[in-house]
>>> print(open('entry_38.txt').read())   # compact mmCIF, C-alpha atoms
# COMPACT_ATOMS: atom_id res chain seq x y z
CA MET A 472 -10.15 -13.54 -29.73
CA GLU A 473 -10.42 -15.64 -26.59
CA SER A 474 -8.53 -14.82 -23.40
CA PRO A 475 -5.56 -17.12 -22.71
CA ASN A 476 -5.96 -19.68 -19.94
CA TYR A 477 -3.28 -18.06 -17.79
CA ILE A 478 -5.34 -14.85 -17.74
CA LYS A 479 -8.56 -16.74 -16.97
CA SER A 480 -6.83 -18.60 -14.13
CA LEU A 481 -5.85 -15.28 -12.50
CA LEU A 482 -9.52 -14.37 -12.23
CA ILE A 483 -10.72 -17.54 -10.48
CA PRO A 484 -11.13 -17.21 -6.68
CA SER A 485 -8.94 -19.50 -4.63
CA ILE A 486 -9.11 -20.75 -1.05
CA ARG A 487 -7.43 -18.43 1.47
CA LYS A 488 -4.59 -19.94 3.46
CA PRO A 489 -2.79 -18.62 6.53
CA GLN A 490 -0.23 -16.05 5.45
CA GLY A 491 3.35 -15.73 6.60
CA ARG A 492 5.95 -13.15 5.57
CA ARG A 493 4.91 -11.51 2.31
CA VAL A 494 7.03 -10.19 -0.52
CA TRP A 495 5.15 -8.08 -3.05
CA SER A 496 1.99 -9.07 -1.15
CA ILE A 497 2.60 -12.76 -1.91
CA ASP A 498 3.50 -15.33 0.76
CA LEU A 499 7.24 -16.01 0.79
CA GLU A 500 7.19 -19.53 2.22
CA GLN A 501 4.14 -20.87 0.38
CA VAL A 502 4.66 -19.25 -3.05
CA TRP A 503 8.00 -17.60 -3.72
CA LEU A 504 10.33 -20.23 -2.24
CA PRO A 505 8.69 -23.19 -4.05
CA PHE A 506 8.54 -21.15 -7.28
CA PHE A 507 12.19 -20.09 -7.20
CA THR A 508 13.32 -23.57 -6.09
CA ALA A 509 11.51 -24.93 -9.16
CA THR A 510 13.06 -22.30 -11.45
CA ASN A 511 16.51 -23.10 -10.04
CA THR A 512 15.84 -26.82 -10.57
CA MET A 513 14.90 -26.20 -14.21
CA GLY A 514 17.91 -23.91 -14.72
CA ASP A 515 15.77 -20.83 -15.39
CA THR A 516 17.29 -18.93 -12.45
CA ALA A 517 20.52 -19.12 -10.50
CA ILE A 518 19.44 -17.88 -7.10
CA PRO A 519 22.07 -18.86 -4.51
CA VAL A 520 20.97 -21.79 -2.38
CA ASP A 521 21.72 -19.88 0.81
CA ALA A 522 19.12 -17.27 -0.22
CA LEU A 523 16.56 -20.05 -0.65
CA GLY A 524 17.67 -21.82 2.52
CA CYS A 525 17.58 -18.69 4.67
CA PRO A 526 15.43 -16.12 2.87
CA LEU A 527 14.98 -13.85 5.90
CA ARG A 528 18.07 -12.03 7.11
CA LEU A 529 18.73 -9.86 10.11
CA GLY A 530 19.16 -6.20 9.21
CA TYR A 531 22.40 -4.44 10.13
CA ASP A 532 23.33 -0.77 10.18
CA LYS A 533 26.45 0.69 8.54
CA ALA A 534 28.52 0.05 11.67
CA GLY A 535 27.58 -3.64 11.59
CA ALA A 536 25.24 -3.55 14.59
CA VAL A 537 21.83 -5.21 14.48
CA ARG A 538 19.08 -2.73 13.52
CA PHE A 539 15.90 -2.39 15.56
CA THR A 540 12.56 -0.76 14.74
CA GLN A 541 11.17 2.05 16.87
CA ALA A 542 8.98 -0.58 18.55
CA GLY A 543 12.13 -2.43 19.65
CA ARG A 544 11.86 -5.39 17.27
CA PRO A 545 14.85 -6.46 15.18
CA VAL A 546 14.70 -5.51 11.49
CA VAL A 547 14.30 -8.57 9.27
CA ARG A 548 14.90 -8.31 5.52
CA VAL A 549 14.45 -10.65 2.58
CA ALA A 550 17.72 -11.88 1.07
CA LYS A 551 18.83 -9.49 -1.68
CA GLU A 552 19.02 -12.15 -4.40
CA LEU A 553 15.48 -13.31 -3.60
CA GLY A 554 14.15 -9.75 -3.47
CA ASP A 555 15.76 -8.96 -6.82
CA SER A 556 14.19 -12.04 -8.38
CA VAL A 557 10.75 -11.12 -7.01
CA ARG A 558 11.19 -7.62 -8.46
CA LEU A 559 12.04 -9.12 -11.86
CA VAL A 560 8.92 -11.33 -11.76
CA ARG A 561 6.80 -8.33 -10.72
CA ASP A 562 8.14 -6.21 -13.58
CA ASN A 563 7.59 -9.01 -16.10
CA PHE A 564 4.11 -9.66 -14.71
CA THR A 565 3.22 -5.98 -15.12
CA ALA A 566 4.58 -5.99 -18.66
CA ASN A 567 2.51 -9.10 -19.51
CA LEU A 568 -0.65 -7.48 -18.14
CA LEU A 569 -0.01 -4.38 -20.24
CA ASN A 570 0.75 -6.49 -23.33
CA TYR A 571 -2.51 -8.38 -22.86
CA ALA A 572 -4.48 -5.14 -22.49
CA GLY A 573 -2.76 -3.80 -25.61
CA SER A 574 -3.61 -6.90 -27.61
CA VAL A 575 -7.26 -6.68 -26.55
CA ILE A 576 -7.34 -3.01 -27.57
CA LYS A 577 -5.76 -3.91 -30.91
CA ASP A 578 -8.07 -6.87 -31.60
CA ASN A 579 -11.29 -5.51 -30.07
CA GLY A 580 -10.89 -1.74 -29.80
CA GLU A 581 -14.60 -0.99 -29.92
CA GLY A 582 -15.40 -3.48 -27.16
CA TYR A 583 -12.64 -2.00 -25.03
CA LYS A 584 -13.90 1.56 -25.60
CA THR A 585 -17.41 0.41 -24.68
CA GLN A 586 -16.12 -1.10 -21.42
CA VAL A 587 -14.26 2.12 -20.56
CA ALA A 588 -17.37 4.21 -21.24
CA LEU A 589 -19.55 1.87 -19.14
CA ALA A 590 -17.05 1.95 -16.28
CA LYS A 591 -16.87 5.76 -16.32
CA LYS A 592 -20.66 6.05 -16.39
CA ALA A 593 -21.08 3.52 -13.56
CA GLY A 594 -18.36 5.14 -11.45
CA GLU A 595 -19.58 8.73 -11.78
CA PRO A 596 -22.32 8.55 -9.08
CA ILE A 597 -19.85 6.99 -6.64
CA SER A 598 -17.27 9.66 -7.40
CA GLN A 599 -19.84 12.45 -6.97
CA HIS A 600 -21.04 10.95 -3.67
CA ASP A 601 -17.48 10.66 -2.36
CA ARG A 602 -16.66 14.26 -3.38
CA LEU A 603 -19.78 15.51 -1.60
CA GLN A 604 -19.05 13.48 1.55
CA LEU A 605 -15.45 14.70 1.60
CA HIS A 606 -16.59 18.31 1.21
CA LEU A 607 -19.11 17.92 4.05
CA ALA A 608 -16.56 16.21 6.29
CA MET A 609 -13.98 18.94 5.67
CA GLU A 610 -16.56 21.65 6.46
CA ALA A 611 -17.58 19.85 9.67
CA ARG A 612 -13.95 19.45 10.67
CA ALA A 613 -13.18 23.13 10.04
CA LYS A 614 -16.28 24.14 12.02
CA ALA A 615 -15.29 21.87 14.94
CA GLU A 616 -11.76 23.29 14.95
CA ALA A 617 -13.13 26.86 14.91
CA VAL A 618 -15.45 26.05 17.85
CA ALA A 619 -12.59 24.43 19.78
CA GLN A 620 -10.36 27.43 19.15
CA ALA A 621 -13.10 29.86 20.21
CA GLU A 622 -13.69 27.83 23.39
CA ALA A 623 -9.96 27.87 24.16
CA VAL A 624 -9.82 31.65 23.70
CA ALA A 625 -12.92 32.13 25.87
CA LYS A 626 -11.43 29.91 28.57
CA ALA A 627 -8.16 31.83 28.50
CA GLU A 628 -10.01 35.14 28.73
CA ALA A 629 -12.12 33.86 31.63
CA GLU A 630 -8.99 32.75 33.46
CA ALA A 631 -7.40 36.14 32.82
CA VAL A 632 -10.43 37.90 34.27
CA ALA A 633 -10.41 35.58 37.29
CA VAL A 634 -6.72 36.21 37.93
CA LYS A 635 -7.15 39.96 37.45
CA SER A 636 -10.04 40.03 39.90
CA GLN A 637 -7.79 38.40 42.47
CA GLY A 638 -5.26 41.20 42.02
CA ARG A 639 -2.58 39.15 40.35
CA LYS A 640 -0.70 40.21 37.30
CA VAL A 641 -2.24 38.84 34.12
CA ARG A 642 0.05 37.02 31.75
CA GLU A 643 -0.70 37.33 28.09
CA LEU A 644 -1.01 34.05 26.23
CA VAL A 645 1.15 33.83 23.14
CA PRO A 646 0.07 31.41 20.39
CA ALA A 647 2.52 28.60 19.74
>>> encode(input="entry_38.txt", output="structure tokens")
Amino acid sequence: MESPNYIKSLLIPSIRKPQGRRVWSIDLEQVWLPFFTATNTMGDTAIPVDALGCPLRLGYDKAGAVRFTQAGRPVVRVAKELGDSVRLVRDNFTANLLNYAGSVIKDNGEGYKTQVALAKKAGEPISQHDRLQLHLAMEARAKAEAVAQAEAVAKAEAEAVAVKSQGRKVRELVPA
């Protein structure tokens, strides 16, 4: 069995272009709008023309006031009809990928099992290295926190002794 051309074309590197607003990690202006305009033209979709003409909409709260982010910028959303269509394409795309994988497993099960075994074997040293590095980093972090806490306690005790030696009443520190 040979892979279909549409699968092969997904694996060919393409030239990177400047990116604008992304929907499902794909550029809205350069990819989604031309695609959905073409599908509307061919009668495959019925996305309202206002959603294609103004795909980015100002976000409003329940009271009808413009919403702002914590950084003070206005919230901008993709038109619902366009977002729903992108979601449908994403779901169908995922289903097609799974169908392709299933057909490869069905037609070439041994080759697939061999690839899985090779991938596991090749990934094991990386996984072991990452586990070790994570363990070491967590130990170092715990040690640094313990040292910092001990230094804070020692500093507080030294301040208490200094205050006591000056004849002032010592206040006990209470952990937060």
>>> atom_distance(input="entry_38.txt", atom1="CA of Ala633 in chain A", atom2="CA of Pro646 in chain A")
20.3 Å
>>> residues_around(input="entry_38.txt", residues="Arg544 in chain A", least_positions_apart="6", cutoff="12 Å", atoms="only C-alpha atoms", output="ChimeraX atom specification")
/A:529-530,537-538
>>> residues_around(input="entry_38.txt", residues="Glu552 in chain A", least_positions_apart="5", cutoff="12 Å", atoms="only C-alpha atoms", output="CSV table (one decimal) with C-alpha atoms, in the frame of the given file")
chain,number,residue,atom,x,y,z
A,507,PHE,CA,12.2,-20.1,-7.2
A,516,THR,CA,17.3,-18.9,-12.4
A,517,ALA,CA,20.5,-19.1,-10.5
A,518,ILE,CA,19.4,-17.9,-7.1
A,519,PRO,CA,22.1,-18.9,-4.5
A,520,VAL,CA,21.0,-21.8,-2.4
A,521,ASP,CA,21.7,-19.9,0.8
A,522,ALA,CA,19.1,-17.3,-0.2
A,523,LEU,CA,16.6,-20.0,-0.6
A,524,GLY,CA,17.7,-21.8,2.5
A,525,CYS,CA,17.6,-18.7,4.7
A,526,PRO,CA,15.4,-16.1,2.9
A,527,LEU,CA,15.0,-13.8,5.9
A,528,ARG,CA,18.1,-12.0,7.1
A,557,VAL,CA,10.8,-11.1,-7.0
A,558,ARG,CA,11.2,-7.6,-8.5
A,559,LEU,CA,12.0,-9.1,-11.9
>>> atom_distance(input="entry_38.txt", atom1="CA of Arg548 in chain A", atom2="CA of Gly514 in chain A")
25.7 Å
>>> atom_distance(input="entry_38.txt", atom1="CA of Asp498 in chain A", atom2="CA of Leu569 in chain A")
23.9 Å
>>> closest_residue(input="entry_38.txt", among="A:Asn567, A:Ser496, A:Gln501, A:Ser556", to="Pro475 in chain A", atoms="only C-alpha atoms")
A:Asn567
>>> closest_residue(input="entry_38.txt", among="A:Thr512, A:Gln541, A:Gln637, A:Asn579", to="Glu473 in chain A", atoms="all atoms listed in the file")
A:Asn579
>>> residues_near_point(input="entry_38.txt", point="(6.9, -15.6, 1.9)", cutoff="9 Å", atoms="all atoms listed in the file", output="list in words")
Gln490, Gly491, Arg492, Arg493, Val494, Ser496, Ile497, Asp498, Leu499, Glu500, Gln501, Val502, Trp503, Leu504 and Pro526 of chain A
>>> write_last_selection(input="entry_38.txt", atoms="C-alpha atoms", output="tab-separated table (two decimals), in the coordinates of the input")
chain	number	residue	atom	x	y	z
A	490	GLN	CA	-0.23	-16.05	5.45
A	491	GLY	CA	3.35	-15.73	6.60
A	492	ARG	CA	5.95	-13.15	5.57
A	493	ARG	CA	4.91	-11.51	2.31
A	494	VAL	CA	7.03	-10.19	-0.52
A	496	SER	CA	1.99	-9.07	-1.15
A	497	ILE	CA	2.60	-12.76	-1.91
A	498	ASP	CA	3.50	-15.33	0.76
A	499	LEU	CA	7.24	-16.01	0.79
A	500	GLU	CA	7.19	-19.53	2.22
A	501	GLN	CA	4.14	-20.87	0.38
A	502	VAL	CA	4.66	-19.25	-3.05
A	503	TRP	CA	8.00	-17.60	-3.72
A	504	LEU	CA	10.33	-20.23	-2.24
A	526	PRO	CA	15.43	-16.12	2.87
>>> build_atoms(input="entry_38.txt", residues="range 487-512 of chain A", atoms="N, CA, C and O atoms", output="compact mmCIF listing (two decimals), keeping the file's coordinate frame")
# COMPACT_ATOMS: atom_id res chain seq x y z
N ARG A 487 -8.40 -19.20 0.69
CA ARG A 487 -7.43 -18.43 1.47
C ARG A 487 -6.71 -19.35 2.45
O ARG A 487 -7.32 -20.18 3.10
N LYS A 488 -5.42 -19.16 2.55
CA LYS A 488 -4.59 -19.94 3.46
C LYS A 488 -3.96 -18.98 4.46
O LYS A 488 -3.83 -17.79 4.19
N PRO A 489 -3.50 -19.48 5.60
CA PRO A 489 -2.79 -18.62 6.53
C PRO A 489 -1.56 -18.01 5.85
O PRO A 489 -0.88 -18.68 5.09
N GLN A 490 -1.32 -16.75 6.11
CA GLN A 490 -0.23 -16.05 5.45
C GLN A 490 0.95 -15.86 6.40
O GLN A 490 0.77 -15.59 7.57
N GLY A 491 2.13 -16.00 5.85
CA GLY A 491 3.35 -15.73 6.60
C GLY A 491 3.94 -14.43 6.10
O GLY A 491 3.22 -13.51 5.71
N ARG A 492 5.26 -14.35 6.06
CA ARG A 492 5.95 -13.15 5.57
C ARG A 492 5.62 -12.99 4.08
O ARG A 492 5.68 -13.93 3.31
N ARG A 493 5.29 -11.77 3.70
CA ARG A 493 4.91 -11.51 2.31
C ARG A 493 5.98 -10.67 1.62
O ARG A 493 6.59 -9.82 2.23
N VAL A 494 6.16 -10.97 0.34
CA VAL A 494 7.03 -10.19 -0.52
C VAL A 494 6.18 -9.85 -1.73
O VAL A 494 5.66 -10.74 -2.39
N TRP A 495 6.02 -8.56 -1.99
CA TRP A 495 5.15 -8.08 -3.05
C TRP A 495 3.73 -8.61 -2.83
O TRP A 495 3.06 -9.06 -3.73
N SER A 496 3.32 -8.63 -1.59
CA SER A 496 1.99 -9.07 -1.15
C SER A 496 1.71 -10.55 -1.44
O SER A 496 0.57 -10.97 -1.48
N ILE A 497 2.74 -11.33 -1.65
CA ILE A 497 2.60 -12.76 -1.91
C ILE A 497 3.43 -13.51 -0.88
O ILE A 497 4.58 -13.14 -0.60
N ASP A 498 2.86 -14.57 -0.31
CA ASP A 498 3.50 -15.33 0.76
C ASP A 498 4.86 -15.87 0.32
O ASP A 498 4.97 -16.54 -0.71
N LEU A 499 5.88 -15.58 1.10
CA LEU A 499 7.24 -16.01 0.79
C LEU A 499 7.39 -17.52 0.87
O LEU A 499 7.87 -18.16 -0.07
N GLU A 500 6.96 -18.10 1.98
CA GLU A 500 7.19 -19.53 2.22
C GLU A 500 6.32 -20.43 1.34
O GLU A 500 6.78 -21.46 0.86
N GLN A 501 5.07 -20.02 1.12
CA GLN A 501 4.14 -20.87 0.38
C GLN A 501 4.19 -20.68 -1.14
O GLN A 501 3.78 -21.56 -1.88
N VAL A 502 4.69 -19.52 -1.60
CA VAL A 502 4.66 -19.25 -3.05
C VAL A 502 6.06 -19.00 -3.61
O VAL A 502 6.51 -19.72 -4.51
N TRP A 503 6.74 -17.98 -3.10
CA TRP A 503 8.00 -17.60 -3.72
C TRP A 503 9.09 -18.66 -3.60
O TRP A 503 9.79 -18.95 -4.57
N LEU A 504 9.26 -19.23 -2.41
CA LEU A 504 10.33 -20.23 -2.24
C LEU A 504 10.11 -21.46 -3.12
O LEU A 504 11.03 -21.89 -3.82
N PRO A 505 8.88 -22.06 -3.14
CA PRO A 505 8.69 -23.19 -4.05
C PRO A 505 8.88 -22.79 -5.53
O PRO A 505 9.46 -23.55 -6.31
N PHE A 506 8.40 -21.59 -5.89
CA PHE A 506 8.54 -21.15 -7.28
C PHE A 506 10.01 -21.01 -7.67
O PHE A 506 10.44 -21.53 -8.70
N PHE A 507 10.79 -20.31 -6.84
CA PHE A 507 12.19 -20.09 -7.20
C PHE A 507 13.03 -21.36 -7.04
O PHE A 507 14.02 -21.54 -7.75
N THR A 508 12.64 -22.27 -6.15
CA THR A 508 13.32 -23.57 -6.09
C THR A 508 13.08 -24.33 -7.39
O THR A 508 14.00 -24.94 -7.94
N ALA A 509 11.83 -24.26 -7.89
CA ALA A 509 11.51 -24.93 -9.16
C ALA A 509 12.26 -24.29 -10.32
O ALA A 509 12.79 -25.01 -11.20
N THR A 510 12.35 -22.95 -10.34
CA THR A 510 13.06 -22.30 -11.45
C THR A 510 14.56 -22.58 -11.38
O THR A 510 15.20 -22.72 -12.42
N ASN A 511 15.11 -22.70 -10.17
CA ASN A 511 16.51 -23.10 -10.04
C ASN A 511 16.69 -24.53 -10.53
O ASN A 511 17.66 -24.85 -11.22
N THR A 512 15.77 -25.41 -10.17
CA THR A 512 15.84 -26.82 -10.57
C THR A 512 15.84 -26.94 -12.09
O THR A 512 16.59 -27.75 -12.66
